[in-house]
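Engineer: What follows is run32.pdb, made up of PDB, C-alpha atoms and all ligand atoms:
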```
ATOM      1  CA  MET F 174      45.669  45.187  -2.531
ATOM      2  CA  ASN F 175      43.039  46.579  -0.204
ATOM      3  CA  GLU F 176      43.065  49.810   1.680
ATOM      4  CA  GLY F 177      42.891  49.718   5.450
ATOM      5  CA  ASP F 178      44.688  46.506   6.424
ATOM      6  CA  ALA F 179      48.283  45.861   7.230
ATOM      7  CA  GLU F 180      49.267  43.716   4.314
ATOM      8  CA  ALA F 181      52.000  41.312   3.391
ATOM      9  CA  LEU F 182      52.670  40.733  -0.272
ATOM     10  CA  VAL F 183      54.263  37.353  -0.915
ATOM     11  CA  ARG F 184      54.868  35.190  -3.963
ATOM     12  CA  ALA F 185      54.538  31.440  -4.345
ATOM     13  CA  VAL F 186      57.522  29.158  -5.018
ATOM     14  CA  PRO F 187      57.808  27.999  -8.651
ATOM     15  CA  ASP F 188      58.991  24.506  -9.661
ATOM     16  CA  SER F 189      61.875  26.330 -11.349
ATOM     17  CA  PHE F 190      63.101  27.298  -7.851
ATOM     18  CA  ALA F 191      65.440  24.345  -8.386
ATOM     19  CA  HIS F 192      67.442  26.759 -10.583
ATOM     20  CA  ALA F 193      67.425  29.746  -8.218
ATOM     21  CA  LEU F 194      70.610  31.809  -7.977
ATOM     22  CA  ARG F 195      73.024  30.820  -5.240
ATOM     23  CA  GLY F 196      76.482  32.001  -4.253
ATOM     24  CA  GLU F 197      77.769  28.558  -3.391
ATOM     25  CA  SER F 198      76.777  25.284  -4.937
ATOM     26  CA  GLY F 199      75.248  22.606  -2.740
ATOM     27  CA  PRO F 200      72.722  19.791  -2.903
ATOM     28  CA  ALA F 201      69.988  20.347  -5.499
ATOM     29  CA  LEU F 202      67.316  22.808  -4.344
ATOM     30  CA  ASP F 203      63.985  21.156  -3.611
ATOM     31  CA  PRO F 204      60.973  23.285  -4.663
ATOM     32  CA  PHE F 205      58.583  21.010  -2.780
ATOM     33  CA  LEU F 206      60.373  21.519   0.537
ATOM     34  CA  ALA F 207      60.822  25.241  -0.170
ATOM     35  CA  ARG F 208      57.070  25.475  -0.760
ATOM     36  CA  GLN F 209      56.274  23.752   2.544
ATOM     37  CA  GLN F 210      58.597  26.078   4.433
ATOM     38  CA  HIS F 211      57.211  29.103   2.618
ATOM     39  CA  ARG F 212      53.684  28.075   3.612
ATOM     40  CA  ALA F 213      54.713  28.020   7.268
ATOM     41  CA  TYR F 214      56.193  31.508   6.911
ATOM     42  CA  VAL F 215      53.063  32.844   5.230
ATOM     43  CA  GLY F 216      50.983  31.234   7.990
ATOM     44  CA  MET F 217      52.980  33.072  10.639
ATOM     45  CA  LEU F 218      52.490  36.405   8.901
ATOM     46  CA  GLY F 219      48.755  35.762   8.690
ATOM     47  CA  ALA F 220      48.467  34.625  12.313
ATOM     48  CA  SER F 221      50.244  37.760  13.476
ATOM     49  CA  GLY F 222      47.691  40.063  11.872
ATOM     50  CA  TYR F 223      48.774  40.650   8.313
ATOM     51  CA  THR F 224      46.341  40.225   5.479
ATOM     52  CA  VAL F 225      48.436  38.146   3.127
ATOM     53  CA  VAL F 226      48.221  38.700  -0.607
ATOM     54  CA  GLN F 227      50.011  35.959  -2.521
ATOM     55  CA  LEU F 228      51.027  36.453  -6.138
ATOM     56  CA  SER F 229      51.219  33.340  -8.241
ATOM     57  CA  ALA F 230      54.565  31.745  -8.933
ATOM     58  CA  ASP F 231      56.323  32.685 -12.138
ATOM     59  CA  GLU F 232      58.050  29.671 -13.671
ATOM     60  CA  ASP F 233      60.201  31.928 -15.840
ATOM     61  CA  HIS F 234      61.706  33.446 -12.711
ATOM     62  CA  PRO F 235      63.185  30.862 -10.325
ATOM     63  CA  ASP F 236      63.893  33.510  -7.644
ATOM     64  CA  CYS F 237      60.458  35.118  -7.655
ATOM     65  CA  VAL F 238      59.670  33.949  -4.095
ATOM     66  CA  PHE F 239      62.240  36.524  -2.895
ATOM     67  CA  ILE F 240      59.735  39.269  -3.585
ATOM     68  CA  GLU F 241      61.318  41.858  -1.282
ATOM     69  CA  ASP F 242      63.992  42.573  -3.885
ATOM     70  CA  THR F 243      61.512  43.782  -6.506
ATOM     71  CA  ALA F 244      59.904  46.772  -4.789
ATOM     72  CA  VAL F 245      60.334  49.141  -1.863
ATOM     73  CA  VAL F 246      57.253  50.728  -0.333
ATOM     74  CA  LEU F 247      58.212  54.148   0.941
ATOM     75  CA  GLY F 248      55.342  56.189   2.382
ATOM     76  CA  PRO F 249      52.867  56.817  -0.432
ATOM     77  CA  MET F 250      55.254  55.464  -3.069
ATOM     78  CA  ALA F 251      56.252  52.051  -4.324
ATOM     79  CA  ILE F 252      59.677  52.040  -5.917
ATOM     80  CA  ILE F 253      60.007  49.312  -8.507
ATOM     81  CA  THR F 254      63.613  48.261  -8.305
ATOM     82  CA  ARG F 255      66.019  47.168 -10.975
ATOM     83  CA  CYS F 256      67.579  43.954  -9.720
ATOM     84  CA  ALA F 257      71.278  43.563 -10.356
ATOM     85  CA  ALA F 258      70.822  39.972 -11.513
ATOM     86  CA  PRO F 259      69.495  40.143 -15.106
ATOM     87  CA  SER F 260      67.608  36.870 -14.594
ATOM     88  CA  ARG F 261      65.495  38.584 -11.919
ATOM     89  CA  ARG F 262      64.449  41.726 -13.775
ATOM     90  CA  GLY F 263      61.179  40.339 -15.115
ATOM     91  CA  GLU F 264      59.914  39.581 -11.603
ATOM     92  CA  ALA F 265      58.886  43.158 -10.946
ATOM     93  CA  GLU F 266      56.036  43.410 -13.436
ATOM     94  CA  ALA F 267      53.450  41.458 -11.446
ATOM     95  CA  VAL F 268      54.533  43.184  -8.248
ATOM     96  CA  ARG F 269      54.093  46.555  -9.853
ATOM     97  CA  ASP F 270      50.587  45.560 -10.977
ATOM     98  CA  ALA F 271      49.715  44.545  -7.415
ATOM     99  CA  LEU F 272      50.986  47.780  -5.902
ATOM    100  CA  SER F 273      49.930  50.319  -8.502
ATOM    101  CA  ALA F 274      46.333  50.697  -7.317
ATOM    102  CA  ARG F 275      47.491  52.000  -3.949
ATOM    103  CA  PHE F 276      50.848  53.573  -4.479
ATOM    104  CA  ALA F 277      52.424  56.154  -6.710
ATOM    105  CA  ILE F 278      54.897  54.153  -8.750
ATOM    106  CA  GLU F 279      58.526  55.188  -9.009
ATOM    107  CA  LYS F 280      61.150  53.206 -10.852
ATOM    108  CA  ILE F 281      64.890  52.664 -10.714
ATOM    109  CA  GLU F 282      66.250  53.198 -14.216
ATOM    110  CA  PRO F 283      69.455  51.901 -15.858
ATOM    111  CA  PRO F 284      72.320  52.043 -15.164
ATOM    112  CA  GLY F 285      71.078  51.963 -11.577
ATOM    113  CA  THR F 286      70.669  48.681  -9.760
ATOM    114  CA  LEU F 287      68.926  48.377  -6.431
ATOM    115  CA  ASP F 288      67.647  45.218  -4.729
ATOM    116  CA  GLY F 289      64.987  45.696  -2.062
ATOM    117  CA  GLY F 290      67.063  43.535   0.265
ATOM    118  CA  ASP F 291      69.470  46.458   0.484
ATOM    119  CA  VAL F 292      66.866  48.877   1.796
ATOM    120  CA  MET F 293      65.931  48.950   5.469
ATOM    121  CA  GLN F 294      63.454  51.344   7.077
ATOM    122  CA  LEU F 295      63.777  51.551  10.812
ATOM    123  CA  ASP F 296      62.849  54.122  13.392
ATOM    124  CA  GLY F 297      62.053  56.745  10.755
ATOM    125  CA  SER F 298      65.422  56.334   9.033
ATOM    126  CA  LEU F 299      66.205  54.870   5.652
ATOM    127  CA  TYR F 300      69.307  52.711   5.332
ATOM    128  CA  VAL F 301      70.685  51.457   2.028
ATOM    129  CA  GLY F 302      73.400  48.882   1.546
ATOM    130  CA  ARG F 303      76.137  49.502  -0.999
ATOM    131  CA  SER F 304      76.594  45.884  -1.995
ATOM    132  CA  ALA F 305      77.309  43.584  -4.902
ATOM    133  CA  ARG F 306      73.652  44.097  -5.881
ATOM    134  CA  THR F 307      73.069  47.833  -5.307
ATOM    135  CA  ASN F 308      75.256  50.349  -7.096
ATOM    136  CA  GLU F 309      76.034  54.033  -6.710
ATOM    137  CA  ASP F 310      73.525  55.080  -9.361
ATOM    138  CA  GLY F 311      70.749  53.039  -7.751
ATOM    139  CA  ILE F 312      71.499  54.696  -4.410
ATOM    140  CA  ALA F 313      71.454  58.163  -6.012
ATOM    141  CA  GLN F 314      68.057  57.430  -7.598
ATOM    142  CA  LEU F 315      66.701  56.192  -4.274
ATOM    143  CA  ALA F 316      67.948  59.378  -2.609
ATOM    144  CA  ALA F 317      66.224  61.553  -5.222
ATOM    145  CA  ILE F 318      62.935  59.647  -4.814
ATOM    146  CA  ALA F 319      63.094  59.794  -0.998
ATOM    147  CA  ALA F 320      64.069  63.480  -0.768
ATOM    148  CA  PRO F 321      60.498  64.875  -1.008
ATOM    149  CA  LEU F 322      59.624  62.742   2.036
ATOM    150  CA  GLY F 323      62.424  64.427   3.970
ATOM    151  CA  LEU F 324      64.432  61.205   3.996
ATOM    152  CA  ALA F 325      68.118  60.935   3.131
ATOM    153  CA  PRO F 326      69.368  57.356   2.894
ATOM    154  CA  ARG F 327      72.146  56.387   5.257
ATOM    155  CA  ILE F 328      74.604  54.349   3.227
ATOM    156  CA  VAL F 329      75.936  51.158   4.788
ATOM    157  CA  GLU F 330      78.919  49.450   3.140
ATOM    158  CA  VAL F 331      78.262  45.722   2.933
ATOM    159  CA  HIS F 332      81.573  43.832   2.992
ATOM    160  CA  ASP F 333      80.403  40.295   3.536
ATOM    161  CA  GLY F 334      76.857  39.427   2.572
ATOM    162  CA  LEU F 335      74.552  39.395  -0.432
ATOM    163  CA  HIS F 336      72.384  42.274   0.752
ATOM    164  CA  LEU F 337      72.241  44.674   3.696
ATOM    165  CA  LYS F 338      69.377  42.650   5.180
ATOM    166  CA  SER F 339      71.332  39.425   4.750
ATOM    167  CA  VAL F 340      73.555  40.667   7.576
ATOM    168  CA  VAL F 341      71.677  43.522   9.315
ATOM    169  CA  LEU F 342      68.240  42.330  10.379
ATOM    170  CA  PRO F 343      65.453  44.277  12.034
ATOM    171  CA  VAL F 344      64.669  43.039  15.547
ATOM    172  CA  ASP F 345      62.541  45.919  16.788
ATOM    173  CA  GLU F 346      62.130  49.590  15.948
ATOM    174  CA  ASN F 347      65.623  50.505  17.116
ATOM    175  CA  THR F 348      67.457  47.196  17.372
ATOM    176  CA  VAL F 349      69.213  45.194  14.673
ATOM    177  CA  LEU F 350      70.885  41.806  14.578
ATOM    178  CA  VAL F 351      74.257  42.080  12.843
ATOM    179  CA  THR F 352      76.610  39.428  11.477
ATOM    180  CA  PRO F 353      80.003  40.356  12.968
ATOM    181  CA  ASN F 354      82.474  42.025  10.537
ATOM    182  CA  SER F 355      79.985  42.164   7.668
ATOM    183  CA  VAL F 356      79.191  45.892   7.361
ATOM    184  CA  ASP F 357      80.556  49.300   8.277
ATOM    185  CA  GLU F 358      78.770  49.592  11.610
ATOM    186  CA  ALA F 359      79.466  53.324  11.949
ATOM    187  CA  ALA F 360      76.536  53.856   9.579
ATOM    188  CA  LEU F 361      74.229  52.142  12.104
ATOM    189  CA  GLN F 362      74.983  54.696  14.809
ATOM    190  CA  GLY F 363      71.936  55.315  16.971
ATOM    191  CA  LEU F 364      70.628  51.769  16.629
ATOM    192  CA  ARG F 365      71.110  49.112  19.288
ATOM    193  CA  ILE F 366      73.215  46.315  17.818
ATOM    194  CA  LEU F 367      72.957  42.681  18.872
ATOM    195  CA  TYR F 368      75.320  40.202  17.239
ATOM    196  CA  GLU F 369      74.697  36.909  15.530
ATOM    197  CA  ASP F 370      76.501  34.115  17.366
ATOM    198  CA  GLU F 371      80.025  33.643  15.900
ATOM    199  CA  SER F 372      79.310  29.949  15.365
ATOM    200  CA  GLU F 373      76.274  30.741  13.204
ATOM    201  CA  GLN F 374      77.678  33.326  10.764
ATOM    202  CA  HIS F 375      75.121  33.969   7.998
ATOM    203  CA  ARG F 376      72.578  31.513   9.383
ATOM    204  CA  ALA F 377      70.450  33.830  11.517
ATOM    205  CA  SER F 378      67.657  35.857  10.023
ATOM    206  CA  THR F 379      64.914  37.672  11.915
ATOM    207  CA  LEU F 380      61.622  39.373  11.251
ATOM    208  CA  PRO F 381      59.473  41.128  13.866
ATOM    209  CA  LEU F 382      55.804  40.152  13.607
ATOM    210  CA  ARG F 383      52.806  42.361  14.280
ATOM    211  CA  ASP F 384      51.858  40.463  17.439
ATOM    212  CA  GLY F 385      55.157  41.234  19.194
ATOM    213  CA  ARG F 386      56.843  37.916  18.390
ATOM    214  CA  LEU F 387      60.135  37.765  16.553
ATOM    215  CA  ILE F 388      60.621  35.071  13.914
ATOM    216  CA  VAL F 389      64.134  33.634  13.970
ATOM    217  CA  THR F 390      65.566  30.998  11.652
ATOM    218  CA  GLU F 391      65.817  27.575  13.242
ATOM    219  CA  SER F 392      69.294  27.232  11.731
ATOM    220  CA  ALA F 393      70.632  29.670  14.341
ATOM    221  CA  PRO F 394      69.653  28.272  17.769
ATOM    222  CA  ALA F 395      72.408  30.026  19.742
ATOM    223  CA  THR F 396      71.417  33.398  18.302
ATOM    224  CA  ALA F 397      67.755  32.608  18.996
ATOM    225  CA  ALA F 398      68.636  31.781  22.621
ATOM    226  CA  MET F 399      70.514  35.089  22.930
ATOM    227  CA  LEU F 400      67.487  36.967  21.592
ATOM    228  CA  ALA F 401      65.156  35.126  23.974
ATOM    229  CA  ALA F 402      67.468  35.972  26.867
ATOM    230  CA  ALA F 403      67.350  39.616  25.731
ATOM    231  CA  GLY F 404      63.582  39.496  26.259
ATOM    232  CA  TYR F 405      62.183  38.791  22.801
ATOM    233  CA  GLU F 406      59.403  36.273  22.281
ATOM    234  CA  VAL F 407      61.124  34.119  19.710
ATOM    235  CA  ALA F 408      59.191  32.015  17.204
ATOM    236  CA  ALA F 409      61.538  29.646  15.371
ATOM    237  CA  ILE F 410      60.980  28.763  11.749
ATOM    238  CA  ASP F 411      62.726  26.332   9.430
ATOM    239  CA  VAL F 412      63.376  27.988   6.070
ATOM    240  CA  SER F 413      66.544  26.028   5.336
ATOM    241  CA  GLU F 414      65.678  25.410   1.689
ATOM    242  CA  LEU F 415      65.062  29.106   1.065
ATOM    243  CA  GLN F 416      68.289  29.924   2.887
ATOM    244  CA  ALA F 417      70.076  27.454   0.612
ATOM    245  CA  ALA F 418      69.221  29.877  -2.217
ATOM    246  CA  ASP F 419      70.656  32.768  -0.149
ATOM    247  CA  GLY F 420      67.276  33.988   1.098
ATOM    248  CA  GLY F 421      66.423  35.202   4.590
ATOM    249  CA  LEU F 422      63.185  36.107   6.354
ATOM    250  CA  THR F 423      62.739  39.684   5.176
ATOM    251  CA  CYS F 424      63.209  38.804   1.524
ATOM    252  CA  LEU F 425      60.094  36.625   1.382
ATOM    253  CA  SER F 426      57.615  39.488   1.737
ATOM    254  CA  ILE F 427      56.898  43.143   1.151
ATOM    255  CA  LEU F 428      55.283  44.353   4.349
ATOM    256  CA  ILE F 429      52.892  47.270   4.318
ATOM    257  CA  PRO F 430      52.305  47.908   8.006
ATOM    258  CA  GLU F 431      50.392  51.166   7.914
ATOM    259  CA  PRO F 432      47.020  51.621   6.290
ATOM    260  CA  LEU F 433      47.461  54.233   3.598
ATOM    261  CA  PRO F 434      44.910  56.262   1.704
ATOM    262  CA  LEU F 435      44.366  55.460  -1.954
ATOM    263  CA  VAL F 436      46.584  57.498  -4.212
ATOM    264  CA  PRO F 437      44.346  60.049  -5.907
ATOM    265  CA  ASP F 438      44.217  60.464  -9.659
ATOM    266  CA  LEU F 439      47.313  58.708 -10.772
ATOM    267  CA  GLY F 440      47.998  58.255 -14.432
ATOM    268  CA  GLN F 441      50.481  55.921 -16.035
ATOM    269  CA  ASP F 442      53.743  55.495 -14.164
ATOM    270  CA  GLY F 443      52.212  57.127 -11.103
ATOM    271  CA  ALA F 444      52.387  60.598 -12.629
ATOM    272  CA  PRO F 445      49.510  62.799 -11.418
TER     273      PRO F 445
HETATM  274  C1  LIG I 501      69.331  35.926  -5.337
HETATM  275  O1  LIG I 501      70.518  35.559  -5.405
HETATM  276  O2  LIG I 501      68.941  36.973  -5.827
HETATM  277  C2  LIG I 501      68.338  35.026  -4.630
HETATM  278  N1  LIG I 501      68.705  33.672  -4.813
HETATM  279  C3  LIG I 501      68.267  35.347  -3.150
HETATM  280  C4  LIG I 501      67.733  36.710  -2.867
HETATM  281  C5  LIG I 501      67.590  36.981  -1.413
HETATM  282  N2  LIG I 501      67.013  38.259  -1.184
HETATM  283  C6  LIG I 501      67.205  38.993  -0.103
HETATM  284  O3  LIG I 501      67.967  38.628   0.776
HETATM  285  N3  LIG I 501      66.586  40.159  -0.026
END
```
What would you get if you wrote out this structure as structure tokens?
Structural biologist:
Amino acid sequence: MNEGDAEALVRAVPDSFAHALRGESGPALDPFLARQQHRAYVGMLGASGYTVVQLSADEDHPDCVFIEDTAVVLGPMAIITRCAAPSRRGEAEAVRDALSARFAIEKIEPPGTLDGGDVMQLDGSLYVGRSARTNEDGIAQLAAIAAPLGLAPRIVEVHDGLHLKSVVLPVDENTVLVTPNSVDEAALQGLRILYEDESEQHRASTLPLRDGRLIVTESAPATAAMLAAAGYEVAAIDVSELQAADGGLTCLSILIPEPLPLVPDLGQDGAP
């Protein structure tokens, strides 16, 4: 990755995407369609001002397109996660290689599990979902890594959703889109909450772009209309095939919005 640009790290869709994890069975997943939809997403990131770095697909890891889960960039550090799903653990290696030139590498160790989809950074605060994928030990390790930055994670109980960012989506720096009755909303105090339309539960996903537009999944038109009425410039995108494998819009990229200086003199594992 290069210094100086806002970057988006993404990963191509493998043919093995047909075997991606999913909570509910449905029609066979189509890697060709997923790839087309992923290309449109990557195009939107690029058009909005991100320099996109795409890692090649890993056929041994059907879920590798959901790159967000493998690493969390936190200030000068990149935390390599330990995904709860054993089939996903090998995804992190290539991501670590891509990030290690610019970031001090930290790592979640067993028995901790933490998926990047459970970590949300908004308005200077760090939120972490306690979910089926992120356990107590993973949260404690995240807290210890974040402490030197003066950040204490705010824990959000996720009752109904794969990850925190399956049901609490960034809309702008202090606004989130929430699926009703999915999380303990007390933990979101201080943020403005907008709600996903009741008729579209778990279909809306959002991602603010660098050019001021807000990407919203085409599968949630009523929620998109609500967001447009609230003043957002909505750009709809069809990622239905990626959603069929329980993905949303945040999980398809690791966004590095601020240019950061190169990490000086780092040895193996990011140790100075
Ligand atoms: C999984 O079950 O791990 C993938 N099929 C979907 C991961 C989606 N990631 C995310 O929302 N951050």
Engineer: Considering all atoms listed in the file, give me a table of residues in chain F that are at most 6 Å from ligand LIG 501 (chain I), with the closest atom pair and distance in Å for each, as CSV.
Structural biologist:
```
residue,atom,partner,partner_atom,distance
F:Ala193,CA,I:LIG501,N1,5.4
F:Leu194,CA,I:LIG501,N1,4.1
F:Arg195,CA,I:LIG501,N1,5.2
F:Asp236,CA,I:LIG501,C2,5.6
F:Phe239,CA,I:LIG501,N2,5.4
F:Glu241,CA,I:LIG501,N3,5.7
F:Asp242,CA,I:LIG501,N3,5.2
F:Gly290,CA,I:LIG501,N3,3.4
F:His336,CA,I:LIG501,O3,5.7
F:Ser339,CA,I:LIG501,O3,5.3
F:Ala418,CA,I:LIG501,N1,4.6
F:Asp419,CA,I:LIG501,C3,4.6
F:Gly420,CA,I:LIG501,C5,3.9
F:Gly421,CA,I:LIG501,O3,5.4
F:Cys424,CA,I:LIG501,N3,4.0
```
Engineer: So what does the PyMOL selection byres (((chain F and resi 185) around 7) and not hetatm) actually pick up in this one, as an mmCIF file with C-alpha atoms, keeping the file's coordinate frame?
Structural biologist:
```cif
data_model
loop_
_atom_site.group_PDB
_atom_site.id
_atom_site.type_symbol
_atom_site.label_atom_id
_atom_site.label_comp_id
_atom_site.auth_asym_id
_atom_site.auth_seq_id
_atom_site.Cartn_x
_atom_site.Cartn_y
_atom_site.Cartn_z
ATOM 1 C CA VAL F 183 54.263 37.353 -0.915
ATOM 2 C CA ARG F 184 54.868 35.190 -3.963
ATOM 3 C CA VAL F 186 57.522 29.158 -5.018
ATOM 4 C CA PRO F 187 57.808 27.999 -8.651
ATOM 5 C CA GLN F 227 50.011 35.959 -2.521
ATOM 6 C CA LEU F 228 51.027 36.453 -6.138
ATOM 7 C CA SER F 229 51.219 33.340 -8.241
ATOM 8 C CA ALA F 230 54.565 31.745 -8.933
ATOM 9 C CA VAL F 238 59.670 33.949 -4.095
#
```
Engineer: Using only C-alpha atoms, pick whichever of F:Val268, F:Leu387, F:Leu295, F:Ile366 has the shortest atom-to-atom distance to Gly404 of chain F.
Structural biologist: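 Selected residue with least distance to Gly404 of chain F: F:Leu387.
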Engineer: Using all atoms listed in the file, which residue out of F:Ser426, F:Ser392, F:Asn347, F:Ser189 lies closest to Val245 of chain F?
Structural biologist: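 That would be F:Ser426, the residue with the smallest distance to Val245 of chain F.
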Engineer: Using only C-alpha atoms, which protein or nucleic acid residues come within 10 Å of segment 307-321 of chain F? Drop anything in the same chain fewer than 2 positions from it, and give the result as a PDB file with C-alpha atoms, keeping the file's coordinate frame.
Structural biologist:
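Contents of around_38.pdb, freshly written:
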```pdb
ATOM      1  CA  VAL F 245      60.334  49.141  -1.863  1.00  0.00           C
ATOM      2  CA  LEU F 247      58.212  54.148   0.941  1.00  0.00           C
ATOM      3  CA  GLY F 248      55.342  56.189   2.382  1.00  0.00           C
ATOM      4  CA  MET F 250      55.254  55.464  -3.069  1.00  0.00           C
ATOM      5  CA  ILE F 252      59.677  52.040  -5.917  1.00  0.00           C
ATOM      6  CA  THR F 254      63.613  48.261  -8.305  1.00  0.00           C
ATOM      7  CA  ARG F 255      66.019  47.168 -10.975  1.00  0.00           C
ATOM      8  CA  CYS F 256      67.579  43.954  -9.720  1.00  0.00           C
ATOM      9  CA  ALA F 257      71.278  43.563 -10.356  1.00  0.00           C
ATOM     10  CA  GLU F 279      58.526  55.188  -9.009  1.00  0.00           C
ATOM     11  CA  LYS F 280      61.150  53.206 -10.852  1.00  0.00           C
ATOM     12  CA  ILE F 281      64.890  52.664 -10.714  1.00  0.00           C
ATOM     13  CA  GLU F 282      66.250  53.198 -14.216  1.00  0.00           C
ATOM     14  CA  PRO F 283      69.455  51.901 -15.858  1.00  0.00           C
ATOM     15  CA  PRO F 284      72.320  52.043 -15.164  1.00  0.00           C
ATOM     16  CA  GLY F 285      71.078  51.963 -11.577  1.00  0.00           C
ATOM     17  CA  THR F 286      70.669  48.681  -9.760  1.00  0.00           C
ATOM     18  CA  LEU F 287      68.926  48.377  -6.431  1.00  0.00           C
ATOM     19  CA  ASP F 288      67.647  45.218  -4.729  1.00  0.00           C
ATOM     20  CA  GLY F 289      64.987  45.696  -2.062  1.00  0.00           C
ATOM     21  CA  GLY F 290      67.063  43.535   0.265  1.00  0.00           C
ATOM     22  CA  ASP F 291      69.470  46.458   0.484  1.00  0.00           C
ATOM     23  CA  VAL F 292      66.866  48.877   1.796  1.00  0.00           C
ATOM     24  CA  LEU F 299      66.205  54.870   5.652  1.00  0.00           C
ATOM     25  CA  VAL F 301      70.685  51.457   2.028  1.00  0.00           C
ATOM     26  CA  GLY F 302      73.400  48.882   1.546  1.00  0.00           C
ATOM     27  CA  ARG F 303      76.137  49.502  -0.999  1.00  0.00           C
ATOM     28  CA  SER F 304      76.594  45.884  -1.995  1.00  0.00           C
ATOM     29  CA  ALA F 305      77.309  43.584  -4.902  1.00  0.00           C
ATOM     30  CA  GLY F 323      62.424  64.427   3.970  1.00  0.00           C
ATOM     31  CA  LEU F 324      64.432  61.205   3.996  1.00  0.00           C
ATOM     32  CA  ALA F 325      68.118  60.935   3.131  1.00  0.00           C
ATOM     33  CA  PRO F 326      69.368  57.356   2.894  1.00  0.00           C
ATOM     34  CA  ARG F 327      72.146  56.387   5.257  1.00  0.00           C
ATOM     35  CA  ILE F 328      74.604  54.349   3.227  1.00  0.00           C
ATOM     36  CA  VAL F 331      78.262  45.722   2.933  1.00  0.00           C
ATOM     37  CA  LEU F 335      74.552  39.395  -0.432  1.00  0.00           C
ATOM     38  CA  HIS F 336      72.384  42.274   0.752  1.00  0.00           C
ATOM     39  CA  LEU F 337      72.241  44.674   3.696  1.00  0.00           C
TER      40      LEU F 337
END
```
Engineer: Given the file shown, determine the residues that the PyMOL selection byres (((chain F and resi 413) around 10) and not hetatm) selects; report them as a CSV table (one decimal) with C-alpha atoms, in the coordinates of the input.
Structural biologist:
```
chain,number,residue,atom,x,y,z
F,206,LEU,CA,60.4,21.5,0.5
F,207,ALA,CA,60.8,25.2,-0.2
F,210,GLN,CA,58.6,26.1,4.4
F,376,ARG,CA,72.6,31.5,9.4
F,390,THR,CA,65.6,31.0,11.7
F,391,GLU,CA,65.8,27.6,13.2
F,392,SER,CA,69.3,27.2,11.7
F,410,ILE,CA,61.0,28.8,11.7
F,411,ASP,CA,62.7,26.3,9.4
F,412,VAL,CA,63.4,28.0,6.1
F,414,GLU,CA,65.7,25.4,1.7
F,415,LEU,CA,65.1,29.1,1.1
F,416,GLN,CA,68.3,29.9,2.9
F,417,ALA,CA,70.1,27.5,0.6
F,418,ALA,CA,69.2,29.9,-2.2
F,419,ASP,CA,70.7,32.8,-0.1
F,420,GLY,CA,67.3,34.0,1.1
F,421,GLY,CA,66.4,35.2,4.6
```
Engineer: What gap, in Å, lies between atom CA of Leu428 of chain F and atom CA of Ala181 of chain F?
Structural biologist: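 Here the two named atoms are 4.6 Å from each other.
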Engineer: For this structure, which residues satisfy the selection - the PyMOL selection byres (((chain F and resi 358) around 12) and not hetatm) - when it is evaluated on the file as given? I want them as a PyMOL selection string.
Structural biologist: chain F and resi 300+302+327-332+337+340-341+349-357+359-368
Engineer: Would you list the contacts of Asp203 of chain F as a count of residues only, taking every protein, DNA or RNA residue within 9 Å and counting all atoms listed in the file, but skipping same-chain residues closer than 5 positions in sequence?
Structural biologist: 5
Engineer: Which is closest to Glu266 of chain F among F:Cys237, F:Val246, F:Leu202, F:Ala398, if we use all atoms listed in the file?
Structural biologist: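 Comparing F:Cys237, F:Val246, F:Leu202, F:Ala398 against Glu266 of chain F, the winner is F:Cys237.
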Engineer: Quick one: 5 Å padding each side, axis-aligned, all listed atoms of segment 349-368 of chain F - centre and edge lengths in Å to one decimal, as AutoDock Vina command-line options?
Structural biologist:
```
--center_x 75.8 --center_y 47.4 --center_z 13.3 --size_x 23.3 --size_y 25.9 --size_z 21.9
```
Engineer: How far is it from atom CA of Asp296 of chain F to atom CA of Pro394 of chain F, in Å with one decimal?
Structural biologist: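 Going from atom CA of Asp296 of chain F over to atom CA of Pro394 of chain F, I get 27.1 Å.
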